[in-house]
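J.: Structure file input34.tsv (TSV, C-alpha atoms) is given on the next line.
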chain	number	residue	atom	x	y	z
O	1	MET	CA	6.20	-46.37	-8.69
O	2	PHE	CA	7.42	-43.44	-10.78
O	3	PHE	CA	4.48	-41.33	-9.64
O	4	VAL	CA	5.04	-42.10	-5.93
O	5	SER	CA	8.78	-41.42	-6.22
O	6	SER	CA	8.05	-38.11	-7.89
O	7	LEU	CA	5.66	-37.13	-5.10
O	8	VAL	CA	8.36	-37.86	-2.51
O	9	PHE	CA	10.79	-35.75	-4.54
O	10	ILE	CA	8.33	-32.83	-4.69
O	11	ILE	CA	7.69	-32.96	-0.93
O	12	LEU	CA	11.43	-33.09	-0.20
O	13	CYS	CA	12.09	-30.11	-2.47
O	14	SER	CA	9.27	-28.21	-0.79
O	15	TYR	CA	10.81	-28.94	2.60
O	16	LEU	CA	14.28	-27.79	1.57
O	17	PHE	CA	12.96	-24.71	-0.26
O	18	VAL	CA	10.83	-23.55	2.67
O	19	PHE	CA	13.07	-24.41	5.62
O	20	PHE	CA	16.25	-23.00	4.11
O	21	SER	CA	14.50	-19.71	3.39
O	22	PRO	CA	15.14	-16.68	5.65
O	23	LEU	CA	11.67	-16.82	7.25
O	24	SER	CA	10.37	-17.04	10.77
O	25	LEU	CA	9.65	-20.54	12.06
O	26	ARG	CA	5.92	-19.80	11.98
O	27	LYS	CA	6.02	-18.74	8.32
O	28	GLN	CA	8.09	-21.82	7.45
O	29	ARG	CA	5.52	-24.12	9.03
O	30	GLU	CA	2.60	-22.36	7.35
O	31	SER	CA	4.22	-22.49	3.91
O	32	PHE	CA	5.22	-26.14	4.15
O	33	LEU	CA	1.80	-27.17	5.49
O	34	LEU	CA	0.09	-25.48	2.55
O	35	CYS	CA	2.46	-27.10	0.06
O	36	LEU	CA	1.90	-30.52	1.66
O	37	CYS	CA	-1.88	-30.09	1.52
O	38	LEU	CA	-1.68	-29.06	-2.11
O	39	VAL	CA	0.44	-32.09	-3.05
O	40	SER	CA	-1.96	-34.41	-1.22
O	41	PHE	CA	-4.99	-32.88	-2.91
O	42	SER	CA	-3.33	-33.04	-6.33
O	43	TYR	CA	-2.35	-36.67	-5.76
O	44	CYS	CA	-5.92	-37.66	-4.89
O	45	SER	CA	-7.38	-35.83	-7.86
O	46	SER	CA	-4.73	-36.71	-10.45
O	47	GLY	CA	-3.31	-40.13	-9.53
O	48	LEU	CA	-5.83	-42.20	-11.46
O	49	LYS	CA	-5.51	-40.05	-14.56
O	50	VAL	CA	-1.72	-40.37	-14.54
O	51	SER	CA	-1.80	-44.14	-14.12
O	52	GLU	CA	-4.23	-44.44	-17.02
O	53	LEU	CA	-2.67	-41.98	-19.46
O	54	GLY	CA	1.05	-42.30	-18.73
O	55	ILE	CA	3.93	-39.91	-18.15
O	56	ALA	CA	2.87	-36.88	-20.24
O	57	PRO	CA	-0.17	-35.97	-18.09
O	58	PHE	CA	2.03	-36.29	-15.00
O	59	PHE	CA	4.47	-33.66	-16.21
O	60	GLU	CA	1.60	-31.34	-17.12
O	61	TRP	CA	0.23	-31.80	-13.59
O	62	PHE	CA	3.73	-31.46	-12.11
O	63	PHE	CA	4.48	-28.07	-13.68
O	64	GLU	CA	1.02	-26.72	-12.77
O	65	LEU	CA	1.61	-27.92	-9.20
O	66	VAL	CA	5.02	-26.26	-8.97
O	67	GLU	CA	3.61	-22.98	-10.30
O	68	THR	CA	0.80	-23.10	-7.74
O	69	MET	CA	3.18	-23.97	-4.90
O	70	VAL	CA	5.43	-21.05	-5.75
O	71	GLY	CA	2.36	-18.80	-5.80
O	72	ILE	CA	1.20	-20.03	-2.39
O	73	PHE	CA	4.70	-19.67	-0.95
O	74	SER	CA	4.88	-16.09	-2.23
O	75	LEU	CA	1.42	-15.30	-0.87
O	76	VAL	CA	2.16	-16.57	2.64
O	77	THR	CA	5.68	-15.14	2.89
O	78	GLY	CA	5.12	-11.89	1.03
O	79	TRP	CA	8.15	-12.55	-1.15
O	80	PRO	CA	8.18	-10.28	-4.21
O	81	GLY	CA	7.67	-11.65	-7.70
O	82	ARG	CA	9.26	-10.55	-10.96
O	83	SER	CA	7.70	-7.09	-10.64
O	84	GLY	CA	9.61	-6.50	-7.41
O	85	PHE	CA	6.35	-6.52	-5.44
O	86	GLY	CA	4.32	-9.23	-3.74
O	87	SER	CA	1.38	-9.98	-1.48
O	88	ALA	CA	2.86	-7.91	1.37
O	89	SER	CA	3.30	-4.79	-0.78
O	90	THR	CA	0.96	-1.88	-0.11
O	91	ALA	CA	-0.69	0.53	-2.53
O	92	GLU	CA	1.59	3.34	-1.38
O	93	GLU	CA	4.70	1.21	-1.88
O	94	VAL	CA	3.87	0.15	-5.43
O	95	THR	CA	3.17	3.75	-6.50
O	96	GLU	CA	6.03	5.45	-4.66
O	97	GLY	CA	7.62	8.23	-6.72
O	98	ILE	CA	4.89	8.26	-9.39
O	99	ASP	CA	3.56	11.69	-10.40
O	100	GLY	CA	-0.02	11.50	-11.64
O	101	SER	CA	-0.70	15.24	-11.70
O	102	ASN	CA	-1.63	15.10	-15.40
O	103	LEU	CA	-4.07	12.21	-14.96
O	104	THR	CA	-7.78	11.89	-14.22
O	105	ALA	CA	-9.28	8.65	-12.91
O	106	ILE	CA	-12.78	7.36	-12.26
O	107	ILE	CA	-13.05	4.73	-9.52
O	108	THR	CA	-16.35	2.92	-9.12
O	109	GLY	CA	-17.09	2.00	-5.53
O	110	GLY	CA	-14.30	4.34	-4.46
O	111	ALA	CA	-15.93	5.26	-1.15
O	112	SER	CA	-15.23	2.13	0.90
O	113	GLY	CA	-12.92	-0.84	1.29
O	114	ILE	CA	-10.11	-1.21	-1.21
O	115	GLY	CA	-11.90	1.28	-3.47
O	116	LEU	CA	-11.43	3.99	-0.83
O	117	GLU	CA	-7.78	3.07	-0.39
O	118	THR	CA	-7.33	3.19	-4.17
O	119	SER	CA	-8.92	6.66	-4.23
O	120	ARG	CA	-6.72	7.84	-1.37
O	121	VAL	CA	-3.46	6.57	-2.86
O	122	LEU	CA	-4.18	7.84	-6.39
O	123	ALA	CA	-5.02	11.25	-4.89
O	124	LEU	CA	-1.78	11.06	-2.92
O	125	ARG	CA	0.02	10.59	-6.25
O	126	LYS	CA	-1.72	13.79	-7.46
O	127	VAL	CA	-4.22	12.05	-9.74
O	128	HIS	CA	-7.54	13.89	-10.09
O	129	VAL	CA	-9.91	11.27	-8.68
O	130	LEU	CA	-13.64	11.02	-9.30
O	131	ILE	CA	-15.41	8.67	-6.91
O	132	ALA	CA	-18.43	7.02	-8.54
O	133	ALA	CA	-20.71	5.70	-5.82
O	134	ARG	CA	-24.32	4.76	-5.16
O	135	ASN	CA	-24.26	6.20	-1.63
O	136	LEU	CA	-23.46	9.90	-2.00
O	137	LYS	CA	-23.33	10.44	1.76
O	138	ALA	CA	-20.65	7.78	2.15
O	139	ALA	CA	-18.81	9.10	-0.92
O	140	ASN	CA	-18.69	12.64	0.45
O	141	GLU	CA	-17.51	11.35	3.81
O	142	ALA	CA	-14.76	9.44	1.98
O	143	LYS	CA	-13.84	12.63	0.14
O	144	GLU	CA	-13.58	14.56	3.40
O	145	SER	CA	-11.44	11.86	5.01
O	146	ILE	CA	-8.99	12.02	2.09
O	147	LEU	CA	-8.90	15.83	2.17
O	148	THR	CA	-8.26	15.77	5.94
O	149	GLU	CA	-5.11	13.75	5.33
O	150	ASN	CA	-4.16	15.42	2.04
O	151	GLU	CA	-5.37	19.01	1.69
O	152	THR	CA	-4.16	19.29	-1.91
O	153	ALA	CA	-6.04	16.18	-3.08
O	154	ARG	CA	-8.31	16.64	-6.08
O	155	ILE	CA	-11.44	14.61	-5.35
O	156	ASP	CA	-14.91	14.79	-6.88
O	157	VAL	CA	-18.01	12.69	-6.35
O	158	LEU	CA	-20.75	11.62	-8.75
O	159	GLU	CA	-23.70	9.30	-8.16
O	160	LEU	CA	-23.63	5.91	-9.86
O	161	ASP	CA	-25.79	2.84	-9.28
O	162	LEU	CA	-24.30	0.01	-11.32
O	163	CYS	CA	-27.46	-2.02	-10.81
O	164	SER	CA	-29.43	0.46	-12.92
O	165	ILE	CA	-28.86	1.08	-16.63
O	166	LYS	CA	-30.68	4.41	-16.29
O	167	SER	CA	-28.27	5.51	-13.53
O	168	ILE	CA	-25.23	4.41	-15.53
O	169	ARG	CA	-26.31	6.44	-18.56
O	170	ALA	CA	-27.03	9.46	-16.33
O	171	PHE	CA	-23.59	9.18	-14.72
O	172	ALA	CA	-21.88	9.06	-18.11
O	173	ASP	CA	-23.88	12.07	-19.33
O	174	ASN	CA	-23.01	14.03	-16.18
O	175	PHE	CA	-19.33	13.24	-16.45
O	176	LEU	CA	-19.11	14.02	-20.17
O	177	ALA	CA	-20.88	17.33	-19.50
O	178	LEU	CA	-17.93	18.33	-17.32
O	179	ASN	CA	-15.69	18.34	-20.46
O	180	ARG	CA	-12.90	16.58	-18.59
O	181	ARG	CA	-10.38	14.20	-19.99
O	182	LEU	CA	-10.31	10.65	-18.67
O	183	ASN	CA	-7.07	8.68	-18.48
O	184	ILE	CA	-7.88	5.87	-16.07
O	185	LEU	CA	-11.06	3.88	-15.44
O	186	ILE	CA	-11.02	1.49	-12.49
O	187	ASN	CA	-14.04	-0.81	-12.46
O	188	ASN	CA	-13.78	-1.62	-8.77
O	189	ALA	CA	-17.31	-1.77	-7.36
O	190	GLY	CA	-19.01	-5.08	-6.81
O	191	ILE	CA	-21.32	-7.24	-4.72
O	192	MET	CA	-20.77	-10.78	-3.53
O	193	PHE	CA	-22.66	-13.97	-2.59
O	194	CYS	CA	-26.10	-12.35	-2.76
O	195	PRO	CA	-29.33	-14.30	-2.38
O	196	PHE	CA	-31.11	-14.54	-5.72
O	197	GLN	CA	-32.68	-11.27	-6.79
O	198	LEU	CA	-33.12	-9.24	-9.95
O	199	SER	CA	-31.88	-5.75	-10.70
O	200	GLN	CA	-34.17	-2.86	-11.63
O	201	ASP	CA	-33.74	-4.01	-15.23
O	202	GLY	CA	-34.64	-7.64	-14.54
O	203	ILE	CA	-31.07	-9.02	-14.63
O	204	GLU	CA	-29.62	-11.30	-11.93
O	205	VAL	CA	-28.13	-8.78	-9.54
O	206	GLN	CA	-24.51	-10.03	-9.29
O	207	PHE	CA	-24.16	-10.30	-13.05
O	208	ALA	CA	-25.89	-6.93	-13.48
O	209	THR	CA	-23.72	-5.06	-10.97
O	210	ASN	CA	-20.35	-6.73	-11.39
O	211	HIS	CA	-20.35	-7.16	-15.18
O	212	ILE	CA	-23.18	-5.53	-17.13
O	213	GLY	CA	-22.93	-2.24	-15.24
O	214	HIS	CA	-19.19	-1.93	-15.83
O	215	PHE	CA	-19.49	-3.17	-19.41
O	216	LEU	CA	-21.97	-0.40	-20.24
O	217	LEU	CA	-20.11	2.26	-18.26
O	218	THR	CA	-16.85	1.45	-20.03
O	219	ASN	CA	-18.49	1.63	-23.45
O	220	LEU	CA	-20.11	4.99	-22.65
O	221	LEU	CA	-16.79	6.50	-21.52
O	222	LEU	CA	-14.58	4.87	-24.14
O	223	ASP	CA	-14.72	7.64	-26.76
O	224	ASN	CA	-13.62	10.15	-24.12
O	225	MET	CA	-10.69	7.91	-23.18
O	226	LYS	CA	-9.73	7.44	-26.83
O	227	ASN	CA	-9.80	11.19	-27.44
O	228	THR	CA	-7.81	11.83	-24.26
O	229	ALA	CA	-5.10	9.34	-25.22
O	230	LYS	CA	-4.86	10.82	-28.72
O	231	ALA	CA	-4.78	14.45	-27.56
O	232	THR	CA	-2.31	13.98	-24.70
O	233	GLY	CA	-0.16	11.12	-25.97
O	234	ILE	CA	-0.63	9.48	-22.56
O	235	GLN	CA	-1.67	5.86	-22.65
O	236	GLY	CA	-5.08	5.26	-21.10
O	237	ARG	CA	-5.64	2.39	-18.71
O	238	ILE	CA	-8.78	0.41	-17.83
O	239	VAL	CA	-8.62	-1.93	-14.85
O	240	ASN	CA	-11.32	-4.53	-14.11
O	241	LEU	CA	-11.38	-5.96	-10.61
O	242	SER	CA	-11.97	-9.67	-10.90
O	243	SER	CA	-11.22	-12.40	-8.37
O	244	ILE	CA	-9.59	-15.78	-8.06
O	245	ALA	CA	-13.22	-16.90	-7.59
O	246	HIS	CA	-13.61	-16.60	-11.38
O	247	SER	CA	-12.50	-20.24	-11.55
O	248	HIS	CA	-15.46	-21.30	-9.39
O	249	CYS	CA	-18.26	-20.63	-11.85
O	250	TYR	CA	-21.04	-22.54	-13.57
O	251	LYS	CA	-20.45	-25.37	-16.03
O	252	ASN	CA	-19.31	-23.89	-19.35
O	253	GLY	CA	-18.46	-20.62	-17.58
O	254	ILE	CA	-21.48	-18.41	-18.27
O	255	ARG	CA	-25.16	-19.43	-18.07
O	256	PHE	CA	-26.12	-17.55	-21.22
O	257	ASP	CA	-29.52	-19.20	-21.55
O	258	LYS	CA	-30.37	-18.92	-17.84
O	259	ILE	CA	-28.57	-15.75	-16.83
O	260	SER	CA	-31.48	-14.41	-14.77
O	261	GLU	CA	-33.30	-17.61	-13.85
O	262	LYS	CA	-33.73	-18.63	-10.22
O	263	SER	CA	-33.68	-22.31	-11.14
O	264	GLY	CA	-30.17	-23.66	-10.62
O	265	TYR	CA	-28.95	-20.41	-9.05
O	266	ASN	CA	-26.00	-20.67	-6.68
O	267	ASP	CA	-24.78	-17.48	-5.01
O	268	LYS	CA	-21.11	-18.57	-5.01
O	269	ARG	CA	-21.07	-19.72	-8.63
O	270	ALA	CA	-23.03	-16.66	-9.70
O	271	TYR	CA	-20.32	-14.51	-8.16
O	272	GLY	CA	-17.64	-16.57	-9.89
O	273	GLN	CA	-19.54	-16.18	-13.17
O	274	SER	CA	-19.57	-12.39	-12.81
O	275	LYS	CA	-15.84	-12.32	-12.00
O	276	LEU	CA	-15.11	-14.53	-14.99
O	277	ALA	CA	-17.09	-12.04	-17.08
O	278	ASN	CA	-14.84	-9.23	-15.80
O	279	ILE	CA	-11.76	-10.98	-17.22
O	280	LEU	CA	-13.43	-11.93	-20.49
O	281	HIS	CA	-14.64	-8.34	-20.91
O	282	ALA	CA	-11.14	-6.98	-20.32
O	283	ASN	CA	-9.58	-9.45	-22.74
O	284	GLU	CA	-12.07	-8.83	-25.54
O	285	LEU	CA	-11.93	-5.05	-25.15
O	286	SER	CA	-8.14	-5.24	-25.15
O	287	ARG	CA	-8.23	-7.23	-28.41
O	288	ARG	CA	-10.59	-4.76	-30.07
O	289	LEU	CA	-8.55	-1.72	-29.02
O	290	GLN	CA	-5.36	-3.32	-30.28
O	291	GLU	CA	-7.00	-3.96	-33.65
O	292	GLU	CA	-8.01	-0.29	-33.79
O	293	GLY	CA	-4.52	0.84	-32.80
O	294	VAL	CA	-5.90	2.73	-29.79
O	295	ASN	CA	-3.45	3.77	-27.07
O	296	ILE	CA	-5.40	2.25	-24.17
O	297	THR	CA	-4.60	-0.88	-22.18
O	298	VAL	CA	-7.16	-3.11	-20.47
O	299	ASN	CA	-6.24	-5.55	-17.71
O	300	SER	CA	-7.95	-7.43	-14.88
O	301	VAL	CA	-6.77	-8.00	-11.32
O	302	HIS	CA	-7.38	-10.22	-8.32
O	303	PRO	CA	-6.93	-8.03	-5.22
O	304	GLY	CA	-6.64	-10.91	-2.76
O	305	LEU	CA	-8.62	-11.91	0.30
O	306	ILE	CA	-9.55	-8.80	2.29
O	307	MET	CA	-12.32	-8.44	4.85
O	308	THR	CA	-14.34	-5.52	3.44
O	309	PRO	CA	-18.06	-4.61	3.21
O	310	LEU	CA	-18.16	-6.86	0.13
O	311	PHE	CA	-18.69	-9.79	2.51
O	312	ARG	CA	-21.82	-8.36	4.13
O	313	HIS	CA	-24.00	-11.18	2.74
O	314	SER	CA	-21.70	-13.90	4.16
O	315	ALA	CA	-19.98	-12.32	7.16
O	316	ILE	CA	-20.29	-15.38	9.44
O	317	LEU	CA	-18.96	-17.78	6.80
O	318	MET	CA	-16.07	-15.46	5.96
O	319	ASN	CA	-15.08	-14.97	9.59
O	320	ILE	CA	-14.96	-18.73	10.08
O	321	LEU	CA	-12.91	-19.09	6.89
O	322	LYS	CA	-10.56	-16.31	8.00
O	323	PHE	CA	-10.01	-18.03	11.36
O	324	PHE	CA	-8.66	-21.16	9.64
O	325	SER	CA	-6.79	-19.37	6.84
O	326	PHE	CA	-5.59	-16.20	8.57
O	327	PHE	CA	-2.20	-16.39	6.87
O	328	LEU	CA	-3.79	-15.91	3.42
O	329	TRP	CA	-5.65	-12.68	4.20
O	330	LYS	CA	-4.46	-9.15	3.46
O	331	ASN	CA	-5.16	-5.79	5.02
O	332	VAL	CA	-6.80	-3.06	2.95
O	333	PRO	CA	-3.57	-1.23	1.93
O	334	GLN	CA	-2.22	-4.54	0.62
O	335	GLY	CA	-5.54	-5.36	-1.05
O	336	ALA	CA	-5.46	-2.15	-3.08
O	337	ALA	CA	-1.85	-2.64	-4.18
O	338	THR	CA	-2.43	-4.67	-7.35
O	339	THR	CA	-5.11	-2.26	-8.59
O	340	CYS	CA	-2.87	0.77	-8.03
O	341	TYR	CA	0.11	-1.02	-9.57
O	342	VAL	CA	-1.76	-1.89	-12.75
O	343	ALA	CA	-3.36	1.57	-12.94
O	344	LEU	CA	-0.21	3.65	-12.48
O	345	HIS	CA	3.10	1.81	-12.65
O	346	PRO	CA	5.26	2.81	-15.64
O	347	SER	CA	6.60	-0.73	-16.08
O	348	LEU	CA	3.19	-1.78	-17.41
O	349	LYS	CA	3.15	0.63	-20.31
O	350	GLY	CA	1.81	-1.28	-23.32
O	351	VAL	CA	0.87	-4.34	-21.26
O	352	THR	CA	-2.72	-5.28	-22.07
O	353	GLY	CA	-5.13	-8.21	-21.92
O	354	LYS	CA	-3.42	-9.67	-18.85
O	355	TYR	CA	-4.51	-10.90	-15.43
O	356	PHE	CA	-2.64	-9.79	-12.31
O	357	ALA	CA	-2.50	-10.97	-8.70
O	358	GLU	CA	-0.04	-9.96	-5.96
O	359	CYS	CA	1.21	-7.23	-8.37
O	360	ASN	CA	2.45	-9.85	-10.82
O	361	GLU	CA	1.07	-11.30	-14.03
O	362	MET	CA	-0.69	-14.63	-13.47
O	363	THR	CA	-2.43	-17.21	-15.61
O	364	PRO	CA	-6.23	-17.26	-15.13
O	365	SER	CA	-8.52	-20.24	-15.68
O	366	SER	CA	-9.01	-21.89	-19.08
O	367	TYR	CA	-12.47	-20.30	-19.35
O	368	ALA	CA	-10.90	-16.88	-18.80
O	369	ARG	CA	-8.49	-17.54	-21.67
O	370	ASP	CA	-11.22	-18.66	-24.08
O	371	GLU	CA	-11.36	-16.08	-26.89
O	372	ALA	CA	-14.55	-17.51	-28.36
O	373	LEU	CA	-16.26	-17.28	-24.97
O	374	ALA	CA	-15.10	-13.66	-24.62
O	375	LYS	CA	-16.54	-12.72	-28.02
O	376	ARG	CA	-19.81	-14.49	-27.22
O	377	LEU	CA	-20.07	-12.64	-23.89
O	378	TRP	CA	-19.44	-9.31	-25.63
O	379	ASP	CA	-22.29	-9.86	-28.09
O	380	PHE	CA	-24.55	-11.27	-25.39
O	381	SER	CA	-23.93	-8.25	-23.12
O	382	ASN	CA	-24.75	-5.77	-25.89
O	383	LYS	CA	-27.96	-7.61	-26.76
O	384	LEU	CA	-28.99	-7.86	-23.11
O	385	ILE	CA	-28.49	-4.12	-22.53
O	386	HIS	CA	-30.38	-3.32	-25.72
O	387	SER	CA	-33.27	-5.58	-24.76
O	388	VAL	CA	-33.79	-3.99	-21.34
O	389	SER	CA	-33.24	-0.45	-22.64
O	390	LYS	CA	-36.22	-0.51	-24.97
O	391	PRO	CA	-38.95	1.98	-23.99
I'd like the structure from this file rewritten - as structure tokens, please.
T.:
Amino acid sequence: MFFVSSLVFIILCSYLFVFFSPLSLRKQRESFLLCLCLVSFSYCSSGLKVSELGIAPFFEWFFELVETMVGIFSLVTGWPGRSGFGSASTAEEVTEGIDGSNLTAIITGGASGIGLETSRVLALRKVHVLIAARNLKAANEAKESILTENETARIDVLELDLCSIKSIRAFADNFLALNRRLNILINNAGIMFCPFQLSQDGIEVQFATNHIGHFLLTNLLLDNMKNTAKATGIQGRIVNLSSIAHSHCYKNGIRFDKISEKSGYNDKRAYGQSKLANILHANELSRRLQEEGVNITVNSVHPGLIMTPLFRHSAILMNILKFFSFFLWKNVPQGAATTCYVALHPSLKGVTGKYFAECNEMTPSSYARDEALAKRLWDFSNKLIHSVSKP
């Protein structure tokens, strides 16, 4: 009886909260419908547990539910969070007034989608941007499009194939040979929902591209970033693009013993595994840099749902999904906002080892908060790279 009464109370509060808000009728209906669906789903999945274990599990469920409902309400309505920004904020808005003329940034996959918008907006804020891309033709076209809009933009292009350890090492060598300082590294590039295949180095391709490639690249550029932070006194920032999909991964999070096996492979869970690895990598690197006393922060972000070339392996499925959940999707300027916010905003000075979505700090999954899992992934990644790098 207590549980049912509480559910009625939650639904009533949701109704009052949504319908007394200064929103259009359409937005009110969308927000309340989502909250109602969430309560129903939570009831079905948690009712038995509460009846068996008593009141304490209910309150744990209740507070998680409220937090999620507030997040959904903010996502649909665009209401700003504690940062002053929200899901409706654009990359230009969250970086307005910021002068990055003394900064240099590398953006992987900076030639298309939200990577291109990130490159454009950072260049607009006078950051010297280096686009790291596999397709040099597309990267140079992206460079020209930015220069057409902003003639004073400082944009360079270097070839990088994150699916190849040889290419990653060559990119790092080429960049270091330029004798340039590096303040910001945005690990943006990625692939999604791919049929099973192996990289040039024999590693499952989503894990290789989304995690291993960025893990190695970051390590190869880290000394430069440390030296830059020490010489300039400007805090360095590393941003890993993850996804809310990190919570939809394999059992136990990472398939360490079967990382490149076709047996049991699932393209959606493999993607979630790689995005979980992005957060664990950021958290473990953040911990290590803090122990060293290095003036570099490392954070991970969820950009949101945006229709970009990332969905090329599941375009039909995603278009169907977008049709039924159109109110959850962002445009590209909104999708790049959280990345640009975490990379440039002065309010995040000293903030490290956190996960951001809608330009606000969020709590990731329990796997993503597992320090032991992060340390194991770090050691595993180093051993894997070493094993495939042997002549």
J.: Counting all atoms listed in the file, which residue out of O:Ala337, O:Leu160, O:Ala105, O:Leu136 sits closest to O:Thr209?
T.: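 Of O:Ala337, O:Leu160, O:Ala105, O:Leu136, the one nearest O:Thr209, counting all atoms listed in the file, is O:Leu160.
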J.: Could you list, as a short mmCIF file (atom, residue, chain, number, x, y, z; two decimals) with C-alpha atoms, keeping the file's coordinate frame, every residue within 7 Å of O:Met225, counting only C-alpha atoms and ignoring same-chain residues fewer than 6 positions away?
T.:
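Produced file part23.cif, reproduced below:
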data_model
loop_
_atom_site.label_atom_id
_atom_site.label_comp_id
_atom_site.auth_asym_id
_atom_site.auth_seq_id
_atom_site.Cartn_x
_atom_site.Cartn_y
_atom_site.Cartn_z
CA LEU O 182 -10.31 10.65 -18.67
CA ASN O 183 -7.07 8.68 -18.48
CA GLY O 236 -5.08 5.26 -21.10
#
J.: Please provide as a ChimeraX atom specification all residues within 7 Å of O:Val298, with the sequence filter that same-chain residues fewer than 6 positions apart are discarded (counting only C-alpha atoms).
T.: /O:237-239,282,285-286,352-353
J.: Could you tell me how far atom CA of O:Lys275 sits from atom CA of O:Ser387, in Å to one decimal place?
T.: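 These atoms are spaced 22.6 Å apart.
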J.: Name the closest residue to O:Leu221 among the candidates O:Leu147, O:Leu162, O:Leu185, O:Val205; distances are taken between atoms, counting only C-alpha atoms.
T.: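 Closest to O:Leu221 of all the choices is O:Leu185.
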J.: Can you work out the spacing between atom CA of O:Ala170 and atom CA of O:Gly115 in Å, to one decimal?
T.: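 Atom-to-atom, atom CA of O:Ala170 to atom CA of O:Gly115, that is 21.5 Å.
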J.: Dig up all the protein and nucleic acid residues within 6 Å of (-3.4, 2.8, -25.2) in the file frame, using all atoms listed in the file, and format them as a PyMOL selection string.
T.: chain O and resi 235-236+294-297
J.: Counting all atoms listed in the file, which residues sit no farther than 9 Å from the position (-12.1, -2.5, -12.5) in the file's frame? I'd like them as a list in words.
T.: Ile107, Thr108, Leu185, Ile186, Asn187, Asn188, Ala189, His214, Ile238, Val239, Asn240, Leu241, Ser242, Asn278, Asn299, Ser300, Val301 and Thr339 of chain O
J.: Residues within 8 Å of O:Gly190, please, as a ChimeraX atom specification. Count only C-alpha atoms; anything in the same chain fewer than 4 positions from it doesn't count.
T.: /O:109,206,209-210,310
J.: Between atom CA of O:His246 and atom CA of O:His281, what distance in Å does the model show, to one decimal?
T.: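 About the pair atom CA of O:His246 and atom CA of O:His281: they are 12.7 Å apart.
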J.: Taking all atoms listed in the file into account, which of O:Lys262, O:Lys330, O:Lys137, O:Arg169 comes nearest O:Leu198?
T.: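 Closest to O:Leu198, using all atoms listed in the file: O:Lys262.
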J.: Extract, using only C-alpha atoms, all DNA, RNA and protein residues at most 9 Å from O:Leu276, discarding same-chain residues fewer than 5 positions from it, and format them as a ChimeraX atom specification.
T.: /O:242-249,253-254,271,281,365,367-368
J.: Please produce a file of those selected residues containing C-alpha atoms, as a PDB file, in the coordinates of the input.
T.:
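The resulting part34.pdb:
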ATOM      1  CA  SER O 242     -11.970  -9.670 -10.900  1.00  0.00           C
ATOM      2  CA  SER O 243     -11.220 -12.400  -8.370  1.00  0.00           C
ATOM      3  CA  ILE O 244      -9.590 -15.780  -8.060  1.00  0.00           C
ATOM      4  CA  ALA O 245     -13.220 -16.900  -7.590  1.00  0.00           C
ATOM      5  CA  HIS O 246     -13.610 -16.600 -11.380  1.00  0.00           C
ATOM      6  CA  SER O 247     -12.500 -20.240 -11.550  1.00  0.00           C
ATOM      7  CA  HIS O 248     -15.460 -21.300  -9.390  1.00  0.00           C
ATOM      8  CA  CYS O 249     -18.260 -20.630 -11.850  1.00  0.00           C
ATOM      9  CA  GLY O 253     -18.460 -20.620 -17.580  1.00  0.00           C
ATOM     10  CA  ILE O 254     -21.480 -18.410 -18.270  1.00  0.00           C
ATOM     11  CA  TYR O 271     -20.320 -14.510  -8.160  1.00  0.00           C
ATOM     12  CA  HIS O 281     -14.640  -8.340 -20.910  1.00  0.00           C
ATOM     13  CA  SER O 365      -8.520 -20.240 -15.680  1.00  0.00           C
ATOM     14  CA  TYR O 367     -12.470 -20.300 -19.350  1.00  0.00           C
ATOM     15  CA  ALA O 368     -10.900 -16.880 -18.800  1.00  0.00           C
TER      16      ALA O 368
END
J.: Which residue gives the smallest distance to O:Arg180 among O:His128, O:His302, O:Lys258, O:Lys251, with only C-alpha atoms counted?
T.: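 Of O:His128, O:His302, O:Lys258, O:Lys251, the one nearest O:Arg180 is O:His128, counting only C-alpha atoms.
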J.: Pull out stretch 337-344 of chain O, keep N, CA and C atoms, and write it as a PDB file, in the first residue's frame.
T.:
ATOM      1  N   ALA O 337      27.979  21.209 -27.962  1.00  0.00           N
ATOM      2  CA  ALA O 337      28.029  22.160 -26.849  1.00  0.00           C
ATOM      3  C   ALA O 337      28.770  21.617 -25.634  1.00  0.00           C
ATOM      4  N   THR O 338      28.452  20.380 -25.221  1.00  0.00           N
ATOM      5  CA  THR O 338      29.069  19.841 -24.007  1.00  0.00           C
ATOM      6  C   THR O 338      30.575  19.677 -24.187  1.00  0.00           C
ATOM      7  N   THR O 339      30.993  19.219 -25.364  1.00  0.00           N
ATOM      8  CA  THR O 339      32.425  19.095 -25.640  1.00  0.00           C
ATOM      9  C   THR O 339      33.128  20.437 -25.524  1.00  0.00           C
ATOM     10  N   CYS O 340      32.566  21.460 -26.178  1.00  0.00           N
ATOM     11  CA  CYS O 340      33.184  22.795 -26.153  1.00  0.00           C
ATOM     12  C   CYS O 340      33.162  23.393 -24.754  1.00  0.00           C
ATOM     13  N   TYR O 341      32.097  23.134 -24.023  1.00  0.00           N
ATOM     14  CA  TYR O 341      31.989  23.628 -22.645  1.00  0.00           C
ATOM     15  C   TYR O 341      33.087  23.040 -21.769  1.00  0.00           C
ATOM     16  N   VAL O 342      33.256  21.727 -21.838  1.00  0.00           N
ATOM     17  CA  VAL O 342      34.251  21.064 -21.004  1.00  0.00           C
ATOM     18  C   VAL O 342      35.674  21.421 -21.452  1.00  0.00           C
ATOM     19  N   ALA O 343      35.856  21.672 -22.739  1.00  0.00           N
ATOM     20  CA  ALA O 343      37.188  21.986 -23.263  1.00  0.00           C
ATOM     21  C   ALA O 343      37.628  23.410 -22.960  1.00  0.00           C
ATOM     22  N   LEU O 344      36.689  24.344 -22.858  1.00  0.00           N
ATOM     23  CA  LEU O 344      37.073  25.759 -22.794  1.00  0.00           C
ATOM     24  C   LEU O 344      36.551  26.551 -21.598  1.00  0.00           C
TER      25      LEU O 344
END
